[in-house]
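Worksheet: one structure, shown below.
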Amino acid sequence: MNLYHYAAPATFYRLAGRWTPWFAWGAGLLTGIGLYISFFVAPTDFQQGEAYRIIFIHVPAAWMSMFIYLVMAFWCAIGLAFNTRLSFLMARALAPTGALFCFLALWTGALWGKPMWGAWWVWDARLTSQLILLFLYVGIMALWAAIDDPKRGDRAGALLILVGAVNVPIIYFSVKWWNTLHQGSSINLTKAPSMATIMLVGMLVMAIAAWLYTIAVALVRVRGLILERERHTDWAQEAMKALKEA
Amino acid sequence: MVWQSGTEFWSMGGYGLYVWGSFGVTGLGVALEVWLLRRGQRSLLNRLQRMQRWEAQ
Amino acid sequence: MRFPVILHEHLFSNPWLMQLSAHDLTCQRGDRLLFSGLQMDLQAGQLLLVQGGNGRGKTSFLRLLSGLSQPEAGEVRWNGESIDRVRETYQQSMVYLAHANGVKDDLTPVENVQIYAGLRGQKRVPAEIEPVLVRMGLAACLDLPARVLSFGQRRRVALAGLLVSGALLWILDEPLTGLDVRGVAEVETLLREHVQAGGMVVMTTHQPLRLQGVDTVMLQIGPVMQVDGSVSAPANEAA
Amino acid sequence: MRFPVILHEHLFSNPWLMQLSAHDLTCQRGDRLLFSGLQMDLQAGQLLLVQGGNGRGKTSFLRLLSGLSQPEAGEVRWNGESIDRVRETYQQSMVYLAHANGVKDDLTPVENVQIYAGLRGQKRVPAEIEPVLVRMGLAACLDLPARVLSFGQRRRVALAGLLVSGALLWILDEPLTGLDVRGVAEVETLLREHVQAGGMVVMTTHQPLRLQGVDTVMLQIGPVMQVDGSVSAPANEAA
Amino acid sequence: MWRFLLTVIRRDLLLAARRKGDWLTSQFFFVMVVSMFPLGIGADPEQLRRVAGGVLWVAALLASLLSLQRLYADDHRDGSLEQMLLSPQPALILALGKAIAHWLIFGLPLLVIAPLLGLQFALPPDAIGTLVIALAIGTPVLSLLGGVGAALTLGLRGGGTLLTLLILPLYVPALIFGAGAVDGVLAGLGAEAQLSLLGAFMGLCLLLAPWVTGAALRVSVD
Amino acid sequence: MWRFLLTVIRRDLLLAARRKGDWLTSQFFFVMVVSMFPLGIGADPEQLRRVAGGVLWVAALLASLLSLQRLYADDHRDGSLEQMLLSPQPALILALGKAIAHWLIFGLPLLVIAPLLGLQFALPPDAIGTLVIALAIGTPVLSLLGGVGAALTLGLRGGGTLLTLLILPLYVPALIFGAGAVDGVLAGLGAEAQLSLLGAFMGLCLLLAPWVTGAALRVSVD
Ligand code: HEM
Ligand SMILES: Nc1ncnc2c1ncn2[C@@H]1O[C@H](COP(=O)(O)OP(=O)(O)OP(=O)(O)O)[C@@H](O)[C@H]1O
Ligand SMILES: Nc1ncnc2c1ncn2[C@@H]1O[C@H](COP(=O)(O)OP(=O)(O)OP(=O)(O)O)[C@@H](O)[C@H]1O
Ligand SMILES: [Mg+2]
Ligand SMILES: [Mg+2]
């Protein structure tokens with residue numbers, strides 16, 4: 001198998017077009033199943049009541065926000081090392097979805113925190129580093145938005161993402177340390193004591209759905225980006241014609 | 001079945017605001033992203049065509 | 001008063017062997033293809049005059065040559081090697097004068113030139129620099145901050161920087177902007193002296209230049225322009 | 001394609017009565033006396049060409065004329081009245097093009113010109129502006145942000161701003177910098193049209209200008225310069 | 001005159017819109033400065049609540065400073081400020097228009113964000129209400145006074161930092177009354193007195209600041 | 001290479017010296033932000049002491065941001081950055097030289113001022129000592145990381161605020177360890193652990209930041 005073959009924009013554009021519906025439908029289906037499990041299969045938690053159902057969104061969103069960042073960093077490293085333009089486009093296509101999940105993790109966390117802790121927000125390590133991750137996402141997208149020249153944007157964004165990737169773990173541990181040093185555990189991010197298997201299953205299903213959704217959305221976005229960058233080539237012109245007819 | 005009635009389902013044991021706030025905003029966020037994506041695709045296509053026509057001149 | 005141009009004092013055993021060439025250069029800015037397939041070859045003792053109307057891509061071309069920006073396709077070679085690979089030697093032998101002067105407002109002309117040389121790894125004392133500035137007609141402004149200088153005087157400071165660098169290859173983007181008639185004549189003399197001593201020059205200008213006795217190569221970017229408005233076919237462009 | 005210059009559409013019952021004059025102007029910058037006792041008188045239908053070497057004080061003189069800076073002594077009068085006293089009317093009839101273009105990088109040429117007009121209290125729709133920009137050779141850049149334009153193209157945007165202003169008096173500081181030959185020819189035509197329609201122009205340039213048929217007044221600031229380097233006595237300067 | 005004022009405002013809004021997201025960054029700065037504080041001073045909610053008013057106000061001042069640096073500086077550099085001063089209207093109107101545009105871009109969004117940050121600092125609802133009102137009265141002061149500073153420091157070496165030096169002391173009354181209003185509510189004392197003082201200060205600035213700014217602009221381009 | 005590095009440093013110091021007082025304004029900003037706080041949060045000494053470490057560190061971050069905006073921007077605008085990049089040395093050295101010069105101009109004076117401000121906040125002597133040590137280790141981080149941000153945002157619309165957005169999150173570890181060290185001393189826990197973490201973070205930045213900055217500079221002038 002020749003990787004370069006798949007890294008060629010024209011090939012990838014076509015492949016991405018073929019895959020997208022599968023991922024999209026998969027995401028829809030799994031979301032349906034996940035929602036069914038979250039609301040109709042999973043039992044009421046004896047400690048937190050019904051509020052715990054937020055977990056079925058909160059945890060997948062939190063996972064995705066972190067994972068997407070890592071994937072972006074991976075693509076950027078590849079792009080800078082091998083000068084493959086497609087990799088930068090992947091990073092660009094992923095960022096908005098990452099930011100969305102990051103925001104959703106914060107939002108659902110806040111809505112969960114109010115009934116459980118009595119506060120919308122506490123300066124806990126997880127929460128704080130999640131907030132900083134959101135800042136990073138916004139910063140990266142703001143940087144891209146501010147640069148018109150696509151090549152320059154690609155590289156500048158990639159450098160920032162990599163610096164962030166080195167920094168995020170440091171930030172996480174520093175915040176964690178700061179928090180444990182300062183205050184006694186007046187508030188704890190307690191896990192539901194015995195996570196019933198069905199809850200775990202529900203969370204996993206939702207997480208996979210989020211994955212499929214991310215891939216589908218990113219593929220659509222990357223197709224747009226490819227088309228924009230390659231519009232002078234013959235194949236892109238044909239693709240545009242095909243799109244117009246559709 | 002966990003729920004006895006529709007009202008019970010919507011009230012979520014008193015936590016309706018929080019639970020539906022979470023799921024609702026998540027739904028909204030995803031819908032917004034999909035909508036923006038579609039609109040972006042369409043406007044991209046228009047833009048590319050405009051530029052093409054311009055370059056052809 | 002004439003002071004000799006300090007020329008390639010360094011490294012080069014024989015400047016006459018040097019060569020700058022561009023192979024199949026393509027330059028794209030935004031969604032606009034400025035030129036493609038551009039070929040260029042310049043030997044020591046030659047001057048390349050890049051011509052073309054406003055916005056045709058002269059500045060973009062010079063930035064490619066200097067290595068400040070990367071071409072969409074093709075490459076620039078210095079003595080047959082890609083400038084990306086021999087960046088250090090190349091930048092040692094090359095100076096670039098852009099539309100912006102690169103003159104620090106808060107420093108005097110002497111300090112400006114001194115630092116310019118320092119950045120190129122050369123140590124110059126004011127006594128070496130002042131004659132060059134005097135030659136550039138700045139005798140009256142040696143210790144004014146550049147901020148208060150006039151438009152043309154600032155350009156002259158930048159030109160003085162080139163002179164003390166002793167570089168072999170000069171890349172000059174409209175060096176004549178803002179210069180008065182005497183300044184233009186002075187620059188013409190400099191160019192002639194430099195090229196005849198075996199230097200190389202790549203430059204653009206929209207003003208007429210008197211370069212008798214200089215081995216001049218022309219490079220047209222975009223269509224040739226006549227004043228009456230007619231446009232003839234591009235010369236060096238494989239559009 | 002030629003589009004008419006939009007000229008003094010406003011206020012003036014008879015532009016031919018207008019007059020700009022300078023009386024005993026003295027300009028000092030830092031500890032340097034640039035000129036003193038300078039007299040100048042310009043009528044409608046005339047062009048004043050300010051000449052002088054780099055750093056002689058041309059820009060300083062134009063800034064005094066425009067009212068941006070205050071003279072050390074003497075005054076500038078518009079129709080016989082000090083411009084400080086009739087600032088509003090004066091600024092209504094005057095536009096000033098400086099070394100800096102006053103072009104906003106983030107806006108397109110059309111928007112730049114539109115805002116320029118708006119600041120002068122005039123409402124212009126894009127349809128009125130585009131022909132002027134096209135005339136200035138910017139047809140291909142109408143909706144690019146000015147940031148990506150070339151040096152000469154940015155100058156052209158600034159010139160288009162002047163054109164739509166419809167002002168009577170143009171004060172132009174080296175309007176030709178960075179323009180290609182066709183741009184220079186275009187500006188010459190504009191100047192001729194404007195002056196012959198009863199407008200007034202004060203300008204500097206270091207490039208040769210063909211202004212046949214234009215009533216041109218010369219003003220020399222500092223000594224007259226010959227290219228061979230000799231310096232003749234100052235003309236208008238009471239040093 | 002109205003056309004001129006409107007053009008000035010519309011121009012600045014257009015520029016802000018064109019720099020996508022740029023105008024939002026000064027709001028983000030606000031959010032970020034505020035979020036930095038708990039990291040510096042510890043996460044004890046009680047302590048955070050007590051410093052919340054002060055922290056939010058200081059952050060607002062700093063955010064305004066940051067955006068003010070470019071209020072006239074960009075126009076000065078590219079020569080368009082000279083062009084605006086050469087337009088037939090008095091410089092006072094120009095200054096007023098720029099201040100209004102700045103407030104629309106900077107102050108208005110702040111009013112929307114501030115309550116969320118108040119929640120992060122565990123402020124009670126009535127304190128949050130007061131905070132918003134205080135900001136609504138106080139942020140125009142920041143734009144107006146800031147304009148004076150921006151005009152005075154125009155084109156000076158180190159303008160940005162000099163600006164800070166000139167303006168922060170002038171901001172002090174706004175800071176004291178604004179933060180005081182929030183603290184007053186927290187302490188159960190009510191905020192009317194502080195808010196009306198703040199309002200009076202705002203009125204004074206509205207009268208004087210554009211005039212001074214206009215004069216300073218004329219001086220700066222001389 | 002040494003000549004180049006030295007020229008870069010000397011050049012920036014010369015420029016700072018030439019703009020009389022300008023370099024001091026970012027120190028003044030520091031002083032002023034810190035002094036603003038008691039106005040905002042009330043004058044209770046006990047409370048002030050508890051927030052002192054955080055306030056001083058946040059103020060240092062903000063002051064560094066302010067001065068960083070102009071680290072490369074001025075050179076970019078007048079074309080001298082291009083000239084420096086065209087010199088025969090790698091951009092890495094340039095970035096390192098600029099960061100060192102920035103630290104000498106910005107960080108060093110801070111170390112002198114900080115103890116005085118610590119006294120204002122009624123910090124005990126050992127806490128002040130720790131504060132100075134923490135700043136000595138931490139301010140190079142600010143210069144180094146800040147250089148990355150300054151290079152990335154070069155010449156962009158709204159560079160100043162964008163810079164803030166990019167850099168403040170990256171500063172978080174320095175802030176936490178730095179302020180934590182002071183608080184550790186106040187709480188009687190000692191500061192060694194925090195200081196050594198801060199030192200490790202500084203080392204990492206020293207290794208990576210100039211490299212990234214150099215790459216970013218090349219990208220930015222492209
Ligand atoms: C704004 C507030 C919140 C934010 C930003 C937040 C953030 C996060 C993050 C980043 C994770 C993933 C951590 C990991 O996988 O290691 C997570 C997981 C989790 N969160 Fe939250 N959270 C918030 C509020 C809450 C609240 C209020 C609760 C419950 C009372 C909660 C319960 C959980 C649970 C149970 C997990 C799963 C833990 C695991 O799988 O290890 N979170 N949260
Ligand atoms: N992002 C972009 N999108 C479209 N066109 C662009 C973009 N960036 C630059 N351009 C165009 O590329 C050209 C760049 O020209 P360049 O500065 O090289 O011209 P030049 O020949 O030096 O002109 P001048 O004589 O005026 O200095 C301009 O025509 C400009 O409009
Ligand atoms: N503070 C000062 N001290 C001494 N000389 C000064 C000071 N400020 C300005 N000058 C001098 O005043 C002159 C200003 O010249 P001005 O800009 O008016 O020249 P110009 O005729 O427009 O030149 P150019 O053709 O180069 O544009 C310059 O020679 C400058 O050196
Ligand atoms: Mg050019
Ligand atoms: Mg001049």
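The chains in the structure tokens are called A, B, ... from first to last as shown; in each chain the residues are counted from 1, and the ligands are counted from 1 in the order shown.
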_Taking only C-alpha atoms and all ligand atoms into account, which residues have an atom no farther than 7 Å from ligand 3? I'd like them as a VMD selection string._
(chain C and resid 141 144 148 to 153 178 to 180) or (chain D and resid 29 to 32 34 52 to 61)
Got time to write the residues from that selection, N, CA, C and O atoms, as a tab-separated table (two decimals), in the first residue's frame?
```
chain	number	residue	atom	x	y	z
C	141	CYS	N	23.12	64.96	8.51
C	141	CYS	CA	22.18	64.27	9.40
C	141	CYS	C	22.83	63.14	10.17
C	141	CYS	O	22.13	62.23	10.64
C	144	LEU	N	21.30	62.80	13.72
C	144	LEU	CA	19.88	62.96	13.99
C	144	LEU	C	19.25	61.58	14.08
C	144	LEU	O	19.67	60.67	13.38
C	148	VAL	N	13.37	61.81	12.30
C	148	VAL	CA	13.13	63.15	11.78
C	148	VAL	C	13.62	63.32	10.35
C	148	VAL	O	13.44	64.38	9.76
C	149	LEU	N	14.23	62.31	9.80
C	149	LEU	CA	14.73	62.45	8.43
C	149	LEU	C	13.58	62.50	7.44
C	149	LEU	O	12.49	62.02	7.70
C	150	SER	N	13.87	63.05	6.28
C	150	SER	CA	12.84	63.11	5.25
C	150	SER	C	12.74	61.75	4.57
C	150	SER	O	13.57	60.87	4.75
C	151	PHE	N	11.69	61.60	3.78
C	151	PHE	CA	11.41	60.34	3.09
C	151	PHE	C	12.64	59.86	2.31
C	151	PHE	O	13.08	58.72	2.43
C	152	GLY	N	13.20	60.76	1.52
C	152	GLY	CA	14.34	60.38	0.70
C	152	GLY	C	15.59	60.10	1.52
C	152	GLY	O	16.37	59.20	1.21
C	153	GLN	N	15.76	60.84	2.59
C	153	GLN	CA	16.94	60.63	3.42
C	153	GLN	C	16.92	59.27	4.08
C	153	GLN	O	17.95	58.61	4.22
C	178	GLY	N	11.76	58.02	-3.92
C	178	GLY	CA	11.98	59.14	-3.03
C	178	GLY	C	13.31	59.83	-3.20
C	178	GLY	O	13.55	60.86	-2.57
C	179	LEU	N	14.21	59.30	-4.03
C	179	LEU	CA	15.50	59.96	-4.20
C	179	LEU	C	15.39	61.14	-5.17
C	179	LEU	O	14.68	61.07	-6.16
C	180	ASP	N	16.11	62.20	-4.87
C	180	ASP	CA	16.13	63.33	-5.80
C	180	ASP	C	17.08	63.03	-6.96
C	180	ASP	O	17.72	61.98	-6.98
D	29	ARG	N	12.66	72.98	11.85
D	29	ARG	CA	12.47	71.61	12.37
D	29	ARG	C	13.64	71.32	13.29
D	29	ARG	O	14.79	71.35	12.82
D	30	GLY	N	13.36	71.01	14.55
D	30	GLY	CA	14.46	70.83	15.48
D	30	GLY	C	15.26	72.12	15.50
D	30	GLY	O	14.69	73.21	15.61
D	31	ASP	N	16.58	72.01	15.32
D	31	ASP	CA	17.39	73.22	15.31
D	31	ASP	C	17.74	73.64	13.90
D	31	ASP	O	18.67	74.40	13.68
D	32	ARG	N	16.99	73.12	12.92
D	32	ARG	CA	17.33	73.42	11.54
D	32	ARG	C	16.30	74.34	10.93
D	32	ARG	O	15.10	74.04	10.95
D	34	LEU	N	14.56	75.38	7.87
D	34	LEU	CA	14.40	74.81	6.53
D	34	LEU	C	14.22	75.90	5.49
D	34	LEU	O	14.83	75.87	4.44
D	52	GLY	N	13.09	70.66	-4.99
D	52	GLY	CA	14.17	70.74	-4.01
D	52	GLY	C	14.68	69.34	-3.71
D	52	GLY	O	13.96	68.36	-3.91
D	53	GLY	N	15.92	69.28	-3.26
D	53	GLY	CA	16.53	67.97	-3.01
D	53	GLY	C	15.92	67.30	-1.79
D	53	GLY	O	15.06	67.86	-1.11
D	54	ASN	N	16.38	66.09	-1.52
D	54	ASN	CA	15.89	65.35	-0.36
D	54	ASN	C	16.18	66.13	0.92
D	54	ASN	O	17.29	66.62	1.12
D	55	GLY	N	15.18	66.20	1.75
D	55	GLY	CA	15.37	66.80	3.06
D	55	GLY	C	15.44	68.31	3.05
D	55	GLY	O	15.86	68.93	4.03
D	56	ARG	N	15.02	68.95	1.96
D	56	ARG	CA	15.07	70.40	1.90
D	56	ARG	C	13.87	71.04	2.55
D	56	ARG	O	13.87	72.24	2.83
D	57	GLY	N	12.80	70.28	2.70
D	57	GLY	CA	11.64	70.85	3.37
D	57	GLY	C	10.39	70.90	2.51
D	57	GLY	O	9.46	71.63	2.83
D	58	LYS	N	10.34	70.12	1.45
D	58	LYS	CA	9.14	70.12	0.62
D	58	LYS	C	7.95	69.59	1.41
D	58	LYS	O	6.88	70.20	1.46
D	59	THR	N	8.14	68.41	2.02
D	59	THR	CA	7.05	67.83	2.80
D	59	THR	C	6.64	68.78	3.92
D	59	THR	O	5.44	69.01	4.14
D	60	SER	N	7.62	69.36	4.58
D	60	SER	CA	7.29	70.30	5.66
D	60	SER	C	6.46	71.46	5.13
D	60	SER	O	5.50	71.89	5.77
D	61	PHE	N	6.80	71.93	3.94
D	61	PHE	CA	6.05	73.03	3.34
D	61	PHE	C	4.61	72.62	3.04
D	61	PHE	O	3.66	73.33	3.36
```
*Which of range 151-219 of chain E counts as alpha helix (DSSP H) under DSSP, as a PyMOL selection string please?*
chain E and resi 151-152+159-186+192-219
I need the residues from that last selection saved to file as a short mmCIF file (atom, residue, chain, number, x, y, z; two decimals), in the first residue's frame (with C-alpha atoms), if you can.
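This went into again.cif:
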```cif
data_model
loop_
_atom_site.label_atom_id
_atom_site.label_comp_id
_atom_site.auth_asym_id
_atom_site.auth_seq_id
_atom_site.Cartn_x
_atom_site.Cartn_y
_atom_site.Cartn_z
CA ALA E 151 -4.59 60.64 21.45
CA LEU E 152 -1.95 62.08 23.74
CA GLY E 159 2.96 54.83 23.18
CA GLY E 160 1.26 51.69 24.43
CA THR E 161 2.93 51.57 27.76
CA LEU E 162 2.91 55.32 28.17
CA LEU E 163 -0.81 55.23 27.56
CA THR E 164 -1.24 52.87 30.45
CA LEU E 165 0.73 55.14 32.65
CA LEU E 166 -1.37 58.16 31.80
CA ILE E 167 -4.74 56.51 31.82
CA LEU E 168 -4.80 54.07 34.70
CA PRO E 169 -4.66 56.86 37.30
CA LEU E 170 -7.56 58.61 35.57
CA TYR E 171 -9.53 55.40 35.71
CA VAL E 172 -9.23 55.20 39.48
CA PRO E 173 -12.57 56.85 40.29
CA ALA E 174 -14.40 54.49 37.94
CA LEU E 175 -12.64 51.55 39.54
CA ILE E 176 -13.42 52.66 43.09
CA PHE E 177 -17.07 53.43 42.49
CA GLY E 178 -17.61 50.42 40.25
CA ALA E 179 -15.97 47.84 42.46
CA GLY E 180 -17.39 49.62 45.49
CA ALA E 181 -20.93 49.20 44.18
CA VAL E 182 -20.49 45.42 43.94
CA ASP E 183 -18.87 45.21 47.34
CA GLY E 184 -21.61 47.36 48.77
CA VAL E 185 -24.25 44.89 47.64
CA LEU E 186 -22.21 41.98 49.01
CA GLU E 192 -27.13 53.57 44.89
CA ALA E 193 -24.63 56.08 46.21
CA GLN E 194 -21.72 54.50 44.38
CA LEU E 195 -23.67 54.12 41.18
CA SER E 196 -24.82 57.72 41.14
CA LEU E 197 -21.29 58.93 41.73
CA LEU E 198 -20.19 56.74 38.87
CA GLY E 199 -22.94 58.22 36.71
CA ALA E 200 -21.85 61.75 37.55
CA PHE E 201 -18.28 60.87 36.63
CA MET E 202 -19.48 59.45 33.34
CA GLY E 203 -21.39 62.63 32.55
CA LEU E 204 -18.33 64.72 33.24
CA CYS E 205 -16.22 62.56 30.95
CA LEU E 206 -18.81 62.74 28.20
CA LEU E 207 -18.68 66.52 28.32
CA LEU E 208 -14.95 66.98 28.48
CA ALA E 209 -13.19 63.98 27.03
CA PRO E 210 -14.08 64.37 23.31
CA TRP E 211 -13.01 67.97 23.42
CA VAL E 212 -9.65 67.18 25.01
CA THR E 213 -9.16 64.24 22.69
CA GLY E 214 -9.77 66.40 19.64
CA ALA E 215 -7.26 68.95 20.80
CA ALA E 216 -4.73 66.25 21.60
CA LEU E 217 -5.14 64.74 18.14
CA ARG E 218 -4.39 68.08 16.50
CA VAL E 219 -1.28 68.41 18.60
#
```
Could the residues of chain A within 8 Å of chain C, counting only C-alpha atoms, be given as an mmCIF file with N, CA and C atoms, in the first residue's frame, please?
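The result, written out as part-v1.cif:
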```cif
data_model
loop_
_atom_site.group_PDB
_atom_site.id
_atom_site.type_symbol
_atom_site.label_atom_id
_atom_site.label_comp_id
_atom_site.auth_asym_id
_atom_site.auth_seq_id
_atom_site.Cartn_x
_atom_site.Cartn_y
_atom_site.Cartn_z
ATOM 1 N N ASP A 148 -4.523 35.308 6.451
ATOM 2 C CA ASP A 148 -5.215 34.998 5.183
ATOM 3 C C ASP A 148 -4.443 34.007 4.355
ATOM 4 N N ASP A 149 -3.132 34.122 4.416
ATOM 5 C CA ASP A 149 -2.356 33.262 3.543
ATOM 6 C C ASP A 149 -2.433 31.835 4.053
ATOM 7 N N PRO A 150 -3.007 30.918 3.265
ATOM 8 C CA PRO A 150 -3.245 29.575 3.796
ATOM 9 C C PRO A 150 -1.969 28.871 4.233
#
```
*So which one's closest to ligand 2, D:Glu188, D:Asp215, D:Glu128, D:Pro109? Using only C-alpha atoms and all ligand atoms, please.*
D:Pro109
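Residue nearest chain F within the list E:Ala91, E:Ile41, E:Leu13, E:Leu61: E:Ile41 [criterion: smallest interatomic distance, only C-alpha atoms].
Taking only C-alpha atoms and all ligand atoms into account, ligand 4 lies nearest to D:Thr177 out of the set D:Asp106, D:Thr177, D:Met18, D:Glu88.
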*For chain A, report every residue with an atom at most 12 Å from chain F (counting only C-alpha atoms), formatted as number ranges by chain.*
A: 80, 125, 128-183
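Restricting the atom set to only C-alpha atoms and all ligand atoms, one finds that the residues within 6 Å of ligand 1 amount to Val59, Ala62, Trp63, Ala105, Leu106, Trp107, Gly109, Ala110, Trp112, Gly113, Met116, Trp121, Arg126, Leu127, Gln130, Leu189 and Lys191 of chain A.
One distance worth recording is that between CA of Gln89 in chain F and CA of Arg87 in chain C, which is 9.1 Å.
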_With only C-alpha atoms as the counted atoms, please give the residues lying no more than 12 Å from Thr214 in chain A, apart from itself and same-chain residues fewer than 6 positions off, as an MDAnalysis selection string._
(chainID A and resid 20 23:24 26:28 60:61 64:65 67:68 71 90 93:101 207:208 220:222) or (chainID B and resid 30 33:34)
Test item: chain F residues at most 6 Å from chain C, counting only C-alpha atoms, as a JSON list (two decimals) with N, CA and C atoms, in the first residue's frame:
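result-v6.json, written as the output of this step:
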```
[["chain", "number", "residue", "atom", "x", "y", "z"],
["F", 3, "ARG", "N", 29.04, 37.20, 17.56],
["F", 3, "ARG", "CA", 28.90, 38.58, 17.14],
["F", 3, "ARG", "C", 27.45, 38.88, 16.81],
["F", 4, "PHE", "N", 26.82, 37.95, 16.12],
["F", 4, "PHE", "CA", 25.42, 38.15, 15.74],
["F", 4, "PHE", "C", 24.54, 38.24, 16.98],
["F", 7, "THR", "N", 25.15, 41.38, 18.76],
["F", 7, "THR", "CA", 24.59, 42.53, 18.06],
["F", 7, "THR", "C", 23.09, 42.63, 18.29],
["F", 78, "ASP", "N", 8.97, 48.12, 10.18],
["F", 78, "ASP", "CA", 9.91, 48.97, 9.45],
["F", 78, "ASP", "C", 10.87, 48.15, 8.58],
["F", 79, "GLY", "N", 10.60, 46.87, 8.47],
["F", 79, "GLY", "CA", 11.40, 46.07, 7.54],
["F", 79, "GLY", "C", 12.70, 45.54, 8.12],
["F", 80, "SER", "N", 13.04, 45.87, 9.36],
["F", 80, "SER", "CA", 14.34, 45.40, 9.84],
["F", 80, "SER", "C", 14.30, 43.94, 10.28],
["F", 86, "LEU", "N", 17.57, 37.77, 7.09],
["F", 86, "LEU", "CA", 18.43, 37.54, 5.93],
["F", 86, "LEU", "C", 19.90, 37.51, 6.31],
["F", 87, "SER", "N", 20.19, 37.75, 7.58],
["F", 87, "SER", "CA", 21.59, 37.68, 7.97],
["F", 87, "SER", "C", 21.98, 36.21, 7.99],
["F", 88, "PRO", "N", 23.28, 35.94, 7.89],
["F", 88, "PRO", "CA", 23.70, 34.55, 7.66],
["F", 88, "PRO", "C", 23.44, 33.59, 8.83],
["F", 222, "ASP", "N", 6.97, 35.06, 5.43],
["F", 222, "ASP", "CA", 6.79, 34.43, 4.11],
["F", 222, "ASP", "C", 5.77, 35.18, 3.27]]
```
_6 Å contacts from chain A to chain B using only C-alpha atoms, as a PyMOL selection string_ = chain A and resi 40+50-51+54+108+111
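Considering the residues C:Ile83, C:Met203, C:Leu138, C:Val214 and counting only C-alpha atoms and all ligand atoms, ligand 4 has its shortest atom-to-atom contact with C:Met203.
What separates CA of Val34 in chain E from CA of Gly53 in chain F is a distance of 15.6 Å.
For chain D, the residues having at least one atom no farther than 12 Å from chain B, when counting only C-alpha atoms, are Ala139, Ala140, Cys141, Leu142 and Asp143 of chain D.
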Export all heavy atoms of the chosen residues as an mmCIF file, in the first residue's frame?
```
data_model
loop_
_atom_site.group_PDB
_atom_site.id
_atom_site.type_symbol
_atom_site.label_atom_id
_atom_site.label_comp_id
_atom_site.auth_asym_id
_atom_site.auth_seq_id
_atom_site.Cartn_x
_atom_site.Cartn_y
_atom_site.Cartn_z
ATOM 1 N N ALA D 139 -8.816 47.481 -11.559
ATOM 2 C CA ALA D 139 -9.985 46.659 -11.879
ATOM 3 C C ALA D 139 -9.891 45.264 -11.284
ATOM 4 O O ALA D 139 -10.884 44.696 -10.834
ATOM 5 C CB ALA D 139 -10.138 46.568 -13.390
ATOM 6 N N ALA D 140 -8.680 44.722 -11.223
ATOM 7 C CA ALA D 140 -8.541 43.338 -10.773
ATOM 8 C C ALA D 140 -8.496 43.221 -9.254
ATOM 9 O O ALA D 140 -8.466 42.115 -8.722
ATOM 10 C CB ALA D 140 -7.277 42.735 -11.379
ATOM 11 N N CYS D 141 -8.481 44.309 -8.550
ATOM 12 C CA CYS D 141 -8.282 44.237 -7.094
ATOM 13 C C CYS D 141 -9.438 44.847 -6.331
ATOM 14 O O CYS D 141 -9.292 45.192 -5.161
ATOM 15 C CB CYS D 141 -7.025 44.979 -6.685
ATOM 16 S SG CYS D 141 -5.661 44.846 -7.812
ATOM 17 N N LEU D 142 -10.602 44.998 -6.951
ATOM 18 C CA LEU D 142 -11.668 45.753 -6.297
ATOM 19 C C LEU D 142 -12.080 45.154 -4.967
ATOM 20 O O LEU D 142 -12.456 45.861 -4.058
ATOM 21 C CB LEU D 142 -12.881 45.860 -7.232
ATOM 22 C CG LEU D 142 -12.649 46.751 -8.446
ATOM 23 C CD1 LEU D 142 -13.894 46.835 -9.290
ATOM 24 C CD2 LEU D 142 -12.231 48.139 -8.007
ATOM 25 N N ASP D 143 -12.050 43.831 -4.852
ATOM 26 C CA ASP D 143 -12.442 43.306 -3.547
ATOM 27 C C ASP D 143 -11.362 42.502 -2.831
ATOM 28 O O ASP D 143 -11.664 41.574 -2.083
ATOM 29 C CB ASP D 143 -13.763 42.543 -3.626
ATOM 30 C CG ASP D 143 -13.777 41.623 -4.812
ATOM 31 O OD1 ASP D 143 -12.720 41.501 -5.443
ATOM 32 O OD2 ASP D 143 -14.821 41.030 -5.114
#
```
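Between chain C and the residues D:Leu162, D:Leu176, D:Val195, D:Leu133, the shortest atom-to-atom distance, using only C-alpha atoms, involves D:Leu176.
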